[in-house]
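Heads up, model.cif below (mmCIF, C-alpha atoms):
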```cif
data_query
loop_
_atom_site.label_atom_id
_atom_site.label_comp_id
_atom_site.auth_asym_id
_atom_site.auth_seq_id
_atom_site.Cartn_x
_atom_site.Cartn_y
_atom_site.Cartn_z
CA MET A 1 11.39 -20.67 -14.16
CA SER A 2 12.33 -22.36 -10.92
CA ALA A 3 10.47 -25.33 -9.53
CA GLY A 4 7.25 -24.50 -7.82
CA THR A 5 6.80 -21.13 -9.51
CA ASN A 6 4.17 -20.07 -12.01
CA THR A 7 4.94 -16.57 -13.21
CA ARG A 8 1.92 -16.32 -15.53
CA LEU A 9 -0.49 -17.20 -12.71
CA GLY A 10 1.38 -14.82 -10.39
CA VAL A 11 0.98 -11.95 -12.86
CA LEU A 12 -2.75 -12.67 -13.24
CA LEU A 13 -3.16 -12.72 -9.47
CA MET A 14 -1.25 -9.43 -9.12
CA VAL A 15 -3.42 -7.78 -11.80
CA ALA A 16 -6.54 -8.97 -9.97
CA THR A 17 -5.08 -7.72 -6.69
CA THR A 18 -4.42 -4.24 -8.05
CA MET A 19 -7.95 -4.07 -9.47
CA ILE A 20 -9.46 -4.99 -6.12
CA PHE A 21 -7.24 -2.58 -4.18
CA ALA A 22 -8.22 0.20 -6.61
CA LEU A 23 -11.88 -0.63 -5.96
CA GLN A 24 -11.10 -0.52 -2.24
CA ASP A 25 -9.62 2.95 -2.68
CA GLY A 26 -12.77 4.10 -4.48
CA LEU A 27 -15.02 2.76 -1.74
CA SER A 28 -12.80 4.38 0.90
CA LEU A 29 -13.05 7.73 -0.88
CA HIS A 30 -16.84 7.50 -1.14
CA LEU A 31 -17.37 6.55 2.50
CA SER A 32 -14.76 8.96 3.88
CA SER A 33 -16.35 11.81 1.96
CA THR A 34 -19.45 11.30 4.12
CA TYR A 35 -18.17 9.77 7.35
CA ASN A 36 -15.10 10.17 9.53
CA VAL A 37 -11.92 8.66 8.08
CA TYR A 38 -10.94 7.07 11.40
CA MET A 39 -14.26 5.25 11.74
CA VAL A 40 -14.10 3.95 8.17
CA VAL A 41 -10.56 2.65 8.65
CA MET A 42 -11.48 1.20 12.06
CA VAL A 43 -14.34 -0.92 10.72
CA ARG A 44 -12.14 -1.97 7.80
CA TYR A 45 -9.48 -3.13 10.26
CA TRP A 46 -11.97 -5.07 12.38
CA PHE A 47 -12.74 -7.20 9.36
CA PHE A 48 -9.10 -7.38 8.33
CA ALA A 49 -7.98 -8.52 11.80
CA ALA A 50 -10.68 -11.20 11.83
CA PHE A 51 -9.45 -12.37 8.43
CA VAL A 52 -5.82 -12.42 9.61
CA MET A 53 -6.67 -14.42 12.73
CA THR A 54 -8.76 -16.89 10.73
CA VAL A 55 -5.91 -17.47 8.29
CA SER A 56 -3.36 -17.75 11.13
CA ALA A 57 -5.50 -20.23 13.08
CA LYS A 58 -5.61 -22.58 10.09
CA GLN A 59 -1.85 -22.64 9.65
CA ALA A 60 0.56 -24.98 11.41
CA GLY A 61 0.94 -23.99 15.04
CA GLY A 62 -2.17 -21.81 15.03
CA LEU A 63 -2.45 -18.33 16.51
CA ARG A 64 0.23 -18.87 19.17
CA ASN A 65 2.82 -19.75 16.56
CA ALA A 66 1.80 -16.85 14.32
CA ALA A 67 2.12 -14.39 17.20
CA ARG A 68 5.57 -15.64 18.22
CA THR A 69 8.20 -13.08 17.22
CA LYS A 70 11.82 -12.29 18.05
CA GLN A 71 11.30 -8.58 17.45
CA PRO A 72 7.96 -7.53 18.98
CA ALA A 73 8.73 -3.79 19.06
CA LEU A 74 9.48 -3.66 15.33
CA GLN A 75 6.48 -5.82 14.48
CA ALA A 76 4.19 -3.64 16.58
CA PHE A 77 5.58 -0.48 14.98
CA ARG A 78 5.02 -1.94 11.49
CA GLY A 79 1.37 -2.65 12.23
CA VAL A 80 0.77 0.80 13.69
CA LEU A 81 2.64 2.46 10.82
CA LEU A 82 0.51 0.77 8.14
CA ALA A 83 -2.76 1.70 9.86
CA ALA A 84 -1.61 5.32 10.18
CA GLU A 85 -0.53 5.33 6.52
CA ILE A 86 -3.99 4.16 5.42
CA CYS A 87 -5.60 6.99 7.39
CA VAL A 88 -3.25 9.52 5.79
CA MET A 89 -3.82 8.17 2.28
CA VAL A 90 -7.61 8.06 2.59
CA THR A 91 -7.49 11.64 3.86
CA GLY A 92 -5.49 12.50 0.75
CA PHE A 93 -8.21 10.93 -1.41
CA THR A 94 -10.87 13.12 0.15
CA LEU A 95 -8.84 16.33 -0.18
CA LEU A 96 -6.97 15.82 -3.46
CA GLY A 97 -8.84 13.07 -5.32
CA MET A 98 -7.76 9.60 -6.41
CA VAL A 99 -5.91 10.49 -9.61
CA GLU A 100 -3.35 12.90 -8.16
CA SER A 101 -3.09 11.06 -4.83
CA LEU A 102 -2.24 7.74 -6.49
CA ALA A 103 0.11 9.44 -8.97
CA ILE A 104 2.12 10.95 -6.10
CA PHE A 105 1.88 7.80 -3.96
CA SER A 106 3.42 5.71 -6.76
CA ALA A 107 6.76 7.29 -5.82
CA TYR A 108 6.96 4.95 -2.81
CA THR A 109 9.07 2.44 -4.79
CA LEU A 110 11.64 5.19 -5.37
CA ILE A 111 11.69 5.98 -1.65
CA VAL A 112 12.19 2.26 -0.94
CA ALA A 113 15.16 2.23 -3.32
CA ALA A 114 16.63 5.37 -1.76
CA LEU A 115 16.30 4.09 1.82
CA SER A 116 17.27 0.46 1.18
CA GLY A 117 20.93 1.38 1.71
CA PRO A 118 20.77 2.97 5.18
CA ILE A 119 18.02 0.64 6.49
CA LEU A 120 18.85 -2.71 4.88
CA GLY A 121 22.48 -2.17 4.00
CA GLU A 122 21.86 -2.76 0.30
CA ILE A 123 24.12 -1.22 -2.32
CA VAL A 124 22.35 1.31 -4.57
CA GLY A 125 24.38 1.99 -7.71
CA TRP A 126 24.56 5.24 -9.65
CA ARG A 127 22.04 4.04 -12.23
CA ARG A 128 19.38 3.54 -9.59
CA TRP A 129 20.24 6.87 -7.96
CA LEU A 130 19.80 8.53 -11.36
CA ALA A 131 16.44 6.80 -11.81
CA ILE A 132 15.38 7.92 -8.33
CA ALA A 133 16.27 11.51 -9.22
CA VAL A 134 14.27 11.29 -12.47
CA GLY A 135 11.32 9.84 -10.56
CA PHE A 136 11.31 12.64 -8.04
CA CYS A 137 11.44 15.11 -10.92
CA GLY A 138 8.25 13.40 -12.06
CA VAL A 139 6.72 14.09 -8.65
CA LEU A 140 7.66 17.77 -9.04
CA VAL A 141 6.00 17.81 -12.46
CA ILE A 142 2.81 16.51 -10.81
CA LEU A 143 3.00 19.07 -8.00
CA LYS A 144 3.94 22.05 -10.22
CA PRO A 145 5.39 24.06 -7.31
CA GLY A 146 5.84 27.73 -8.02
CA PHE A 147 3.29 27.83 -10.84
CA GLY A 148 0.38 29.18 -8.82
CA VAL A 149 -1.63 25.93 -8.74
CA PHE A 150 0.32 23.97 -6.11
CA SER A 151 -1.97 22.47 -3.50
CA PRO A 152 -0.54 21.95 -0.01
CA TYR A 153 -2.78 18.86 0.16
CA ALA A 154 -0.32 17.20 -2.25
CA ILE A 155 2.03 16.75 0.70
CA ILE A 156 -0.45 14.25 2.21
CA PRO A 157 -0.10 11.40 -0.35
CA PHE A 158 3.65 12.00 -0.53
CA PHE A 159 3.86 11.57 3.26
CA ALA A 160 1.75 8.43 2.89
CA ALA A 161 4.21 7.17 0.25
CA PHE A 162 7.09 7.73 2.68
CA MET A 163 5.22 5.88 5.44
CA PHE A 164 4.40 2.94 3.16
CA ALA A 165 7.99 2.80 1.90
CA LEU A 166 9.24 2.63 5.50
CA TYR A 167 6.65 -0.06 6.26
CA SER A 168 7.83 -2.07 3.21
CA LEU A 169 11.48 -1.79 4.25
CA LEU A 170 10.71 -2.81 7.82
CA THR A 171 8.72 -5.76 6.50
CA ARG A 172 11.81 -6.93 4.61
CA TYR A 173 13.95 -6.27 7.68
CA VAL A 174 11.84 -8.33 10.12
CA ALA A 175 11.64 -11.15 7.53
CA ARG A 176 15.25 -11.96 8.44
CA LEU A 177 14.05 -13.44 11.73
CA ASP A 178 10.24 -13.83 11.49
CA SER A 179 8.01 -15.71 9.07
CA THR A 180 5.56 -14.11 6.67
CA ALA A 181 2.69 -15.52 8.76
CA THR A 182 4.03 -13.74 11.86
CA SER A 183 4.39 -10.40 10.07
CA PHE A 184 0.88 -10.77 8.61
CA PHE A 185 -0.56 -11.50 12.08
CA TRP A 186 1.08 -8.48 13.72
CA THR A 187 0.06 -6.21 10.85
CA GLY A 188 -3.62 -7.01 11.29
CA VAL A 189 -3.77 -7.15 15.08
CA MET A 190 -1.73 -4.02 15.86
CA GLY A 191 -3.57 -2.00 13.19
CA CYS A 192 -6.88 -3.13 14.63
CA LEU A 193 -5.86 -2.16 18.17
CA LEU A 194 -4.69 1.29 17.10
CA MET A 195 -7.77 2.06 15.01
CA SER A 196 -10.14 0.75 17.69
CA VAL A 197 -8.64 3.17 20.21
CA ILE A 198 -8.79 6.13 17.81
CA GLY A 199 -11.97 5.27 15.92
CA ALA A 200 -14.04 4.70 19.05
CA PHE A 201 -14.01 8.46 19.64
CA HIS A 202 -15.19 9.19 16.07
CA PHE A 203 -18.02 6.69 15.60
CA GLU A 204 -20.97 7.87 13.51
CA ASN A 205 -24.28 6.32 12.56
CA MET A 206 -24.33 5.07 8.99
CA SER A 207 -27.27 4.52 6.64
CA PRO A 208 -28.13 0.90 5.75
CA SER A 209 -26.94 1.40 2.17
CA ASP A 210 -23.60 2.74 3.35
CA TRP A 211 -23.21 -0.20 5.72
CA GLY A 212 -23.60 -2.34 2.61
CA LEU A 213 -20.78 -0.41 0.96
CA MET A 214 -18.73 -0.76 4.13
CA LEU A 215 -19.20 -4.52 3.93
CA CYS A 216 -18.00 -4.39 0.33
CA LEU A 217 -14.96 -2.39 1.47
CA CYS A 218 -14.14 -4.98 4.12
CA CYS A 219 -14.57 -7.85 1.65
CA THR A 220 -12.33 -6.21 -0.95
CA GLY A 221 -9.63 -5.80 1.69
CA ALA A 222 -9.78 -9.48 2.70
CA VAL A 223 -9.95 -10.77 -0.88
CA GLY A 224 -7.19 -8.42 -2.02
CA HIS A 225 -4.80 -9.57 0.71
CA TRP A 226 -5.66 -13.22 0.08
CA LEU A 227 -4.89 -12.80 -3.63
CA LEU A 228 -1.64 -11.03 -2.76
CA ILE A 229 -0.59 -13.89 -0.49
CA ARG A 230 -1.40 -16.42 -3.23
CA CYS A 231 0.48 -14.30 -5.75
CA TYR A 232 3.70 -14.39 -3.74
CA GLU A 233 3.21 -18.11 -3.09
CA VAL A 234 3.18 -19.03 -6.79
CA ALA A 235 5.62 -16.48 -8.26
CA GLU A 236 8.79 -14.62 -7.34
CA ALA A 237 8.22 -11.12 -5.98
CA SER A 238 10.65 -9.58 -8.48
CA ALA A 239 8.64 -11.00 -11.39
CA VAL A 240 5.27 -9.60 -10.32
CA GLN A 241 6.32 -6.38 -8.54
CA PRO A 242 6.27 -4.21 -11.71
CA PHE A 243 2.56 -4.97 -12.15
CA THR A 244 1.72 -3.23 -8.86
CA TYR A 245 1.75 0.02 -10.84
CA LEU A 246 -1.52 -1.06 -12.46
CA GLN A 247 -3.23 0.11 -9.28
CA LEU A 248 -2.48 3.65 -10.46
CA VAL A 249 -4.15 2.90 -13.81
CA PHE A 250 -7.22 1.24 -12.29
CA GLY A 251 -7.50 3.80 -9.51
CA ALA A 252 -7.22 6.74 -11.91
CA SER A 253 -9.90 5.15 -14.10
CA ILE A 254 -12.25 4.95 -11.10
CA GLY A 255 -11.43 8.55 -10.21
CA VAL A 256 -12.31 9.73 -13.72
CA LEU A 257 -15.33 7.50 -14.45
CA VAL A 258 -16.96 7.44 -11.00
CA PHE A 259 -15.91 10.65 -9.28
CA GLY A 260 -15.60 12.88 -12.35
CA GLU A 261 -11.94 13.73 -11.78
CA VAL A 262 -9.76 15.07 -14.58
CA VAL A 263 -6.28 13.84 -15.50
CA ARG A 264 -4.31 17.05 -16.03
CA PRO A 265 -1.39 16.87 -18.53
CA ASN A 266 1.25 17.52 -15.88
CA VAL A 267 -0.15 14.69 -13.74
CA ALA A 268 -0.05 12.25 -16.67
CA ILE A 269 3.51 13.24 -17.65
CA GLY A 270 4.75 13.20 -14.06
CA ALA A 271 3.14 9.83 -13.38
CA LEU A 272 4.80 8.35 -16.47
CA LEU A 273 8.20 9.58 -15.24
CA VAL A 274 7.61 8.16 -11.76
CA VAL A 275 6.42 4.77 -13.07
CA ALA A 276 9.25 4.52 -15.62
CA ALA A 277 11.83 5.36 -12.95
CA GLY A 278 10.25 2.91 -10.53
CA LEU A 279 10.26 0.09 -13.08
CA PHE A 280 13.91 0.79 -13.84
CA THR A 281 14.90 0.62 -10.15
CA LEU A 282 13.03 -2.70 -9.81
CA TRP A 283 14.82 -4.04 -12.88
CA ARG A 284 18.23 -2.90 -11.63
CA ALA A 285 17.55 -4.48 -8.22
CA ARG A 286 16.70 -7.74 -9.94
CA VAL A 287 19.86 -7.57 -12.08
CA ALA A 288 21.97 -6.90 -8.97
CA LYS A 289 20.61 -10.04 -7.28
CA SER A 290 21.14 -12.29 -10.31
#
```
Just dump the structure as C-alpha cells.
Amino acid sequence: MSAGTNTRLGVLLMVATTMIFALQDGLSLHLSSTYNVYMVVMVRYWFFAAFVMTVSAKQAGGLRNAARTKQPALQAFRGVLLAAEICVMVTGFTLLGMVESLAIFSAYTLIVAALSGPILGEIVGWRRWLAIAVGFCGVLVILKPGFGVFSPYAIIPFFAAFMFALYSLLTRYVARLDSTATSFFWTGVMGCLLMSVIGAFHFENMSPSDWGLMLCLCCTGAVGHWLLIRCYEVAEASAVQPFTYLQLVFGASIGVLVFGEVVRPNVAIGALLVVAAGLFTLWRARVAKS
C-alpha cells in the first residue's frame, strides 16, 4: 500500500456509495413513474449543482479556479452527456424495470475497455478483447433476441451504458490537462443548465409527500458523490473499481423487494457473464499498468 492510501476504507466508502446510488435509482424510478422524467432529473440537478458549487467554493481558488479549464468544449460536452445519460437511464427504469436495466447497463465497463484504444490510445490486448466478447455475449443472453420475448426497450439501458462509457473516457481524457475539481464543477453546472432548459417545459405539480421523496433523491445524489470523492481520495481507483458492480446487486434487490420485479434466469446468467468479464478487464488493465 502506498503512502497516503487506505484501501480498506476506500472499499467501505465504495460499498456505501453503491448502496446510496442504488437507492437513488429506486427513488428515480418511483418518481418518474408518476411525474415527467425531465422534471425529476432537473430538480435533482438543481441540488447537485448547488452541492458542486458549495464544494468548489471551499477549495483553494474558489469557484473561479474550479471553472478555469483549457478545454471548455470537451468539459461542456461531458456535462451535457452525463445529464442526457441520466434521462435515458431513468426512462429505461420506467419502461424495463431496475433489474434488467442495471444488468444491461453494467456492460459499460466493457464498452470503456473497447473504446479506450481509439479514444485514449491505450493498448487493449487479446485477453481483454476476449473478455469483452464474452461480456457482450452475456448482454445477448439477457436480451434473448430471436426468442420471442425480446423487448425493444432493452436498447435504452444499453444506449445509456454507451453514453456513460463515453463520459467516463472523456473524463479520463480531460484529466490530462484539468483537475478533478474542474471536471466536477463543469459536470454539475452544464448538466444543470441543460436540464433547466428542457425541464422548464415539463414542470408538473407534485404532492407534498413526493416533494419529500424528491428531497431524499437530491440528498442521496449529494451524499453519494461526496462519498465517491472521498473514496478516490483515500484509495487507488483500480483497487475500488471492481466494487462498483455492487450497485447491480443493491439495485436488483430494490427492484425485487420494493417494485416486485422478477430476476429471470437468463438475466441472472447474463449479468454474471457481464460482471465476470468486466472484472477481468479491470484486472488486466491493472496488470498492464504495473
Suppose you want the space between atom CA of A:Val287 and atom CA of A:Thr244; what is it in Å?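 Interatomic distance, atom CA of A:Val287 to atom CA of A:Thr244: 18.9 Å.
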Identify which of the residues A:Leu9, A:Met214, A:Val263, A:Met19 lies closest to A:Leu246, counting only C-alpha atoms when measuring atom-to-atom distances. A:Met19
Residues returned when the PyMOL selection byres ((chain A and resi 17) around 12) runs on this file, as an NGL selection string: :A and (10-16 or 18-24 or 220-232 or 240-241 or 243-247 or 250)
Closest of A:Leu217, A:Asp178, A:Leu279, A:Gly260 to A:Leu74 - atom-to-atom distances counting only C-alpha atoms: A:Asp178
Between atom CA of A:Cys87 and atom CA of A:Gly270, what is the distance in Å, rounded to a tenth?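 Rounded to one decimal, the two atoms are 24.6 Å apart.
Each of A:Val249, A:Ile269, A:Val124, A:Val80 was compared to A:Ala288 using only C-alpha atoms, and A:Val124 turns out to be the nearest.
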For the file shown, what are the residues hit by the PyMOL selection byres ((chain A and resi 168) around 12), laid out as a ChimeraX atom specification? /A:75,78-79,81-82,85,108-113,115-116,119-120,161-167,169-175,183,187
Between atom CA of A:Val274 and atom CA of A:Asn6 - distance in Å to one decimal: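 Atom CA of A:Asn6 sits 28.4 Å away from atom CA of A:Val274.
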Across A:Phe185, A:Phe77, A:Phe159, A:Phe259, the smallest distance to A:Ser33, with all atoms listed in the file counted, is shown by A:Phe259
Output of the PyMOL selection byres ((chain A and resi 52) around 8), listed as a CSV table (one decimal) with C-alpha atoms, keeping the file's coordinate frame:
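part_10.csv written:
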```
chain,number,residue,atom,x,y,z
A,48,PHE,CA,-9.1,-7.4,8.3
A,49,ALA,CA,-8.0,-8.5,11.8
A,50,ALA,CA,-10.7,-11.2,11.8
A,51,PHE,CA,-9.4,-12.4,8.4
A,53,MET,CA,-6.7,-14.4,12.7
A,54,THR,CA,-8.8,-16.9,10.7
A,55,VAL,CA,-5.9,-17.5,8.3
A,56,SER,CA,-3.4,-17.8,11.1
A,184,PHE,CA,0.9,-10.8,8.6
A,185,PHE,CA,-0.6,-11.5,12.1
A,188,GLY,CA,-3.6,-7.0,11.3
A,189,VAL,CA,-3.8,-7.2,15.1
```
